[in-house]
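Asks: Sending over start_26.json (JSON, C-alpha atoms and all ligand atoms).
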[["chain", "number", "residue", "atom", "x", "y", "z"],
["A", 171, "MET", "CA", 47.08, 41.55, 29.03],
["A", 172, "VAL", "CA", 44.69, 42.59, 31.80],
["A", 173, "ASN", "CA", 41.82, 41.99, 29.52],
["A", 174, "LEU", "CA", 42.98, 38.43, 28.81],
["A", 175, "LYS", "CA", 43.37, 37.70, 32.50],
["A", 176, "GLU", "CA", 39.84, 38.92, 33.17],
["A", 177, "GLN", "CA", 38.53, 36.77, 30.38],
["A", 178, "TYR", "CA", 40.36, 33.77, 31.77],
["A", 179, "GLU", "CA", 38.97, 34.21, 35.27],
["A", 180, "GLN", "CA", 35.49, 34.68, 33.89],
["A", 181, "ILE", "CA", 35.78, 31.36, 32.07],
["A", 182, "VAL", "CA", 37.09, 29.57, 35.17],
["A", 183, "LYS", "CA", 34.01, 30.81, 37.05],
["A", 184, "GLU", "CA", 31.65, 29.73, 34.31],
["A", 185, "ARG", "CA", 33.21, 26.31, 34.10],
["A", 186, "GLU", "CA", 32.89, 25.84, 37.82],
["A", 187, "LYS", "CA", 29.18, 26.63, 37.58],
["A", 188, "THR", "CA", 28.79, 24.28, 34.64],
["A", 189, "LEU", "CA", 30.62, 21.46, 36.40],
["A", 190, "ASN", "CA", 28.45, 21.87, 39.47],
["A", 191, "ALA", "CA", 25.30, 21.73, 37.33],
["A", 192, "LEU", "CA", 26.62, 18.57, 35.66],
["A", 193, "LYS", "CA", 27.30, 16.95, 39.03],
["A", 194, "GLU", "CA", 23.75, 17.66, 40.11],
["A", 195, "LEU", "CA", 22.41, 16.10, 36.93],
["A", 196, "GLU", "CA", 24.50, 12.97, 37.43],
["A", 197, "ASN", "CA", 22.36, 12.19, 40.46],
["A", 198, "ASN", "CA", 19.17, 12.54, 38.50],
["A", 199, "GLU", "CA", 17.43, 9.15, 38.26],
["A", 200, "VAL", "CA", 15.98, 9.73, 34.80],
["A", 201, "LEU", "CA", 19.34, 10.76, 33.45],
["A", 202, "LYS", "CA", 21.05, 7.79, 35.11],
["A", 203, "ARG", "CA", 18.56, 5.49, 33.44],
["A", 204, "TYR", "CA", 19.07, 7.25, 30.11],
["A", 205, "LEU", "CA", 22.85, 6.77, 30.25],
["A", 206, "GLU", "CA", 22.41, 3.13, 31.30],
["A", 207, "LEU", "CA", 20.12, 2.48, 28.35],
["A", 208, "ARG", "CA", 22.49, 4.13, 25.93],
["A", 209, "LYS", "CA", 25.34, 1.93, 27.15],
["A", 210, "GLN", "CA", 23.12, -1.14, 26.93],
["A", 211, "ASN", "CA", 22.09, -0.20, 23.41],
["A", 212, "GLU", "CA", 25.72, 0.20, 22.33],
["A", 213, "ASN", "CA", 26.60, -3.24, 23.70],
["A", 214, "LEU", "CA", 23.63, -4.82, 21.97],
["A", 215, "ALA", "CA", 24.56, -3.17, 18.68],
["A", 216, "ILE", "CA", 28.08, -4.65, 18.90],
["A", 217, "LYS", "CA", 26.66, -8.11, 19.64],
["A", 218, "GLN", "CA", 24.13, -7.79, 16.82],
["A", 219, "LEU", "CA", 26.85, -6.81, 14.35],
["A", 220, "ASN", "CA", 29.04, -9.76, 15.37],
["A", 221, "ILE", "CA", 26.20, -12.21, 14.90],
["A", 222, "TYR", "CA", 25.26, -10.61, 11.59],
["A", 223, "LYS", "CA", 28.84, -11.11, 10.35],
["A", 224, "LYS", "CA", 28.76, -14.75, 11.44],
["A", 225, "LEU", "CA", 25.42, -15.26, 9.68],
["A", 226, "LYS", "CA", 26.82, -13.86, 6.44],
["A", 227, "VAL", "CA", 29.92, -16.09, 6.70],
["A", 228, "GLU", "CA", 27.66, -19.10, 7.27],
["A", 229, "GLU", "CA", 25.63, -18.10, 4.21],
["A", 230, "TYR", "CA", 28.77, -17.78, 2.05],
["A", 231, "ASP", "CA", 30.20, -21.03, 3.42],
["A", 232, "SER", "CA", 27.09, -23.03, 2.67],
["A", 233, "CYS", "CA", 26.57, -21.59, -0.82],
["A", 234, "ASN", "CA", 27.50, -23.72, -3.79],
["A", 235, "HIS", "CA", 28.19, -20.63, -5.85],
["A", 236, "ILE", "CA", 27.17, -19.86, -9.41],
["A", 237, "TRP", "CA", 29.60, -17.23, -10.69],
["A", 238, "VAL", "CA", 29.14, -14.64, -13.41],
["A", 239, "ASN", "CA", 31.77, -12.23, -14.68],
["A", 240, "VAL", "CA", 30.86, -8.83, -13.22],
["A", 241, "LEU", "CA", 33.90, -6.88, -14.30],
["A", 242, "HIS", "CA", 36.60, -7.30, -16.90],
["A", 243, "ASP", "CA", 39.29, -4.81, -16.09],
["A", 244, "TYR", "CA", 41.98, -4.19, -18.70],
["A", 245, "ASP", "CA", 45.00, -2.10, -17.90],
["A", 246, "SER", "CA", 46.38, -0.99, -21.28],
["A", 247, "CYS", "CA", 49.53, 0.49, -19.72],
["A", 248, "GLU", "CA", 50.56, -2.73, -18.09],
["A", 249, "GLY", "CA", 48.78, -4.96, -20.60],
["A", 250, "ARG", "CA", 47.20, -6.76, -17.68],
["A", 251, "SER", "CA", 43.60, -7.87, -17.47],
["A", 252, "ASP", "CA", 41.65, -8.95, -14.41],
["A", 253, "ASN", "CA", 38.31, -10.64, -14.14],
["A", 254, "TYR", "CA", 36.06, -10.18, -11.14],
["A", 255, "TYR", "CA", 33.25, -12.60, -10.42],
["A", 256, "GLY", "CA", 30.02, -12.38, -8.47],
["A", 257, "CYS", "CA", 27.78, -15.15, -7.17],
["A", 258, "ILE", "CA", 24.18, -14.93, -8.33],
["A", 259, "LYS", "CA", 23.05, -16.97, -5.31],
["A", 260, "CYS", "CA", 24.67, -15.45, -2.22],
["A", 261, "GLY", "CA", 25.83, -12.15, -3.72],
["A", 262, "LEU", "CA", 29.55, -12.54, -2.99],
["A", 263, "ASP", "CA", 31.22, -9.96, -5.19],
["A", 264, "GLN", "CA", 34.94, -9.89, -5.97],
["A", 265, "ARG", "CA", 34.72, -6.27, -7.09],
["A", 266, "VAL", "CA", 35.52, -5.37, -3.46],
["A", 267, "PHE", "CA", 39.15, -6.13, -4.40],
["A", 268, "GLU", "CA", 38.96, -3.82, -7.40],
["A", 269, "ILE", "CA", 37.63, -1.02, -5.16],
["A", 270, "THR", "CA", 40.27, -1.52, -2.50],
["A", 271, "SER", "CA", 43.14, -1.66, -4.97],
["A", 272, "ARG", "CA", 41.86, 1.36, -6.89],
["A", 273, "LEU", "CA", 41.31, 3.46, -3.76],
["A", 274, "ARG", "CA", 44.24, 1.85, -1.92],
["A", 275, "SER", "CA", 42.17, 1.49, 1.22],
["A", 276, "ILE", "CA", 39.50, -0.73, 2.72],
["A", 277, "ASP", "CA", 37.92, 2.25, 4.49],
["A", 278, "TYR", "CA", 35.59, 3.06, 1.59],
["A", 279, "LEU", "CA", 33.82, -0.30, 1.68],
["A", 280, "THR", "CA", 30.29, -0.57, 3.03],
["A", 281, "LEU", "CA", 29.64, -2.98, 5.88],
["A", 282, "GLU", "CA", 28.44, -5.66, 3.46],
["A", 283, "GLN", "CA", 31.51, -5.16, 1.28],
["A", 284, "GLN", "CA", 33.82, -5.31, 4.29],
["A", 285, "ILE", "CA", 32.34, -8.65, 5.36],
["A", 286, "MET", "CA", 32.82, -9.97, 1.80],
["A", 287, "TYR", "CA", 36.37, -8.64, 1.69],
["A", 288, "ASP", "CA", 37.29, -10.35, 4.96],
["A", 289, "TYR", "CA", 35.63, -13.55, 3.84],
["A", 290, "MET", "CA", 37.30, -13.74, 0.41],
["A", 291, "TYR", "CA", 40.74, -12.42, 1.35],
["A", 292, "GLY", "CA", 43.28, -15.15, 0.62],
["A", 293, "ARG", "CA", 40.59, -17.61, -0.42],
["A", 294, "TYR", "CA", 40.04, -19.02, -3.89],
["A", 295, "VAL", "CA", 36.28, -18.72, -3.66],
["A", 296, "THR", "CA", 35.66, -19.14, -7.37],
["A", 297, "TYR", "CA", 36.96, -22.72, -7.19],
["A", 298, "LYS", "CA", 33.72, -23.67, -5.48],
["A", 299, "GLY", "CA", 30.51, -24.10, -7.49],
["A", 300, "ILE", "CA", 30.01, -23.33, -11.16],
["A", 301, "ASN", "CA", 31.74, -20.55, -13.06],
["A", 302, "THR", "CA", 29.60, -19.63, -16.06],
["A", 303, "HIS", "CA", 32.07, -16.94, -17.25],
["A", 304, "ILE", "CA", 28.98, -15.07, -18.53],
["A", 305, "SER", "CA", 29.48, -11.32, -18.38],
["A", 306, "CYS", "CA", 26.56, -9.47, -16.82],
["A", 307, "ASP", "CA", 25.40, -7.05, -14.20],
["A", 308, "LEU", "CA", 25.24, -8.77, -10.81],
["A", 309, "ASP", "CA", 21.98, -7.11, -9.72],
["A", 310, "ILE", "CA", 20.19, -8.22, -12.88],
["A", 311, "ALA", "CA", 21.71, -11.69, -12.57],
["A", 312, "ARG", "CA", 20.52, -12.04, -8.99],
["A", 313, "GLU", "CA", 17.05, -10.86, -9.92],
["A", 314, "ILE", "CA", 16.86, -13.50, -12.66],
["A", 315, "TYR", "CA", 18.15, -16.12, -10.23],
["A", 316, "SER", "CA", 15.49, -15.36, -7.62],
["A", 317, "ARG", "CA", 12.78, -15.48, -10.31],
["A", 318, "ILE", "CA", 14.03, -18.91, -11.44],
["A", 319, "LYS", "CA", 14.07, -20.16, -7.84],
["A", 320, "GLU", "CA", 10.55, -18.85, -7.25],
["A", 321, "SER", "CA", 9.07, -20.76, -10.15],
["A", 322, "HIS", "CA", 11.18, -23.94, -9.88],
["A", 323, "ASP", "CA", 11.30, -25.85, -6.61],
["A", 324, "ASN", "CA", 14.31, -28.09, -5.97],
["A", 325, "ILE", "CA", 15.98, -27.18, -9.22],
["A", 326, "ASP", "CA", 19.64, -28.26, -9.52],
["A", 327, "ASP", "CA", 22.37, -25.74, -10.27],
["A", 328, "LYS", "CA", 23.16, -27.04, -13.75],
["A", 329, "SER", "CA", 19.53, -26.49, -14.81],
["A", 330, "VAL", "CA", 19.56, -23.09, -13.09],
["A", 331, "VAL", "CA", 22.50, -22.08, -15.30],
["A", 332, "GLU", "CA", 20.69, -23.23, -18.46],
["A", 333, "LEU", "CA", 17.54, -21.28, -17.56],
["A", 334, "PHE", "CA", 19.64, -18.35, -16.48],
["A", 335, "GLU", "CA", 21.37, -18.09, -19.86],
["A", 336, "THR", "CA", 18.03, -18.16, -21.68],
["A", 337, "GLU", "CA", 16.50, -15.55, -19.37],
["A", 338, "LEU", "CA", 19.52, -13.29, -19.63],
["A", 339, "ARG", "CA", 19.37, -13.38, -23.40],
["A", 340, "LEU", "CA", 15.73, -12.25, -23.23],
["A", 341, "VAL", "CA", 16.52, -9.47, -20.79],
["A", 342, "LYS", "CA", 19.40, -8.22, -22.98],
["A", 343, "LYS", "CA", 17.13, -8.23, -26.04],
["A", 344, "LYS", "CA", 14.62, -5.99, -24.24],
["A", 345, "GLN", "CA", 17.31, -3.49, -23.24],
["B", 1, "ZN", "ZN", 27.33, -17.96, -3.54]]
Would you write out, as structure tokens, the structure that this file holds?
Ligand SMILES: [Zn+2]
Replies:
Amino acid sequence: MVNLKEQYEQIVKEREKTLNALKELENNEVLKRYLELRKQNENLAIKQLNIYKKLKVEEYDSCNHIWVNVLHDYDSCEGRSDNYYGCIKCGLDQRVFEITSRLRSIDYLTLEQQIMYDYMYGRYVTYKGINTHISCDLDIAREIYSRIKESHDNIDDKSVVELFETELRLVKKKQ
């Protein structure tokens, strides 16, 4: 018991010393500036993130999507099948809904996925643009799309889809 009391008093003394040292530091100009800058940096990061989200929403809004089927999910127990689509132009990816329903949480989404989730929630995004119903990997599809765009200026979406199908066939042959 005595020992505990001694320990307690020792700690009280040490804390007092520590608090005094902290108070002294609070008046230090360099430290004041450091704390100011940290606060400023935090505020800027919040602003930057908000603008980034708005930019992505603008990008999704202005995209006349070209969809490919990125996941066909079949539940043999329930006999239910779901198709998830991804846009080869802006990268919108409905698989965020598969992730959130599988993990029963939106906490596992990356920032990009969270923005997509918020954007697509309650929206029938696949009604806009062209749905090719072609099954393929979204990364490969987007790569092919950017190659097509690089070599064809002002190409319309219907022609993009035609070229895309041809290119994809070639890629699949090589695999
Ligand atoms: Zn799109």
Asks: Show me which residues sit within 7 Å of ligand ZN 1 (chain B) when counting all atoms listed in the file, and put them as a list in words.
Replies: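 My answer, listing the contacting residues, is Tyr230, Cys233, Asn234, His235, Ile236, Cys257, Ile258, Lys259, Cys260, Gly261 and Leu262 of chain A.
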Asks: Can you pull out every residue within 12 Å of A:His303, counting only C-alpha atoms, but drop anything in the same chain fewer than 5 positions away, and send it as a list in words?
Replies: Ile236, Trp237, Val238, Asn239, Val240, Leu241, His242, Asn253, Tyr254, Tyr255, Gly256, Cys257, Thr296, Val331 and Glu335 of chain A
Asks: Using atom CA of A:Leu338 and atom CA of A:Leu308 as the two end points, give the distance in Å to one decimal.
Replies: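 Straight-line distance from atom CA of A:Leu338 to atom CA of A:Leu308 works out to 11.4 Å.
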Asks: Atom CA of A:Glu320 to atom CA of A:Leu333: how many Å, to one decimal?
Replies: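 Separation of atom CA of A:Glu320 and atom CA of A:Leu333: 12.7 Å.
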Asks: Of the candidates A:Leu219, A:Lys175, A:Asp323, A:Phe267, which one gets nearest to A:Leu281 if we count all atoms listed in the file?
Replies: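 Smallest separation from A:Leu281 among the options: A:Leu219.
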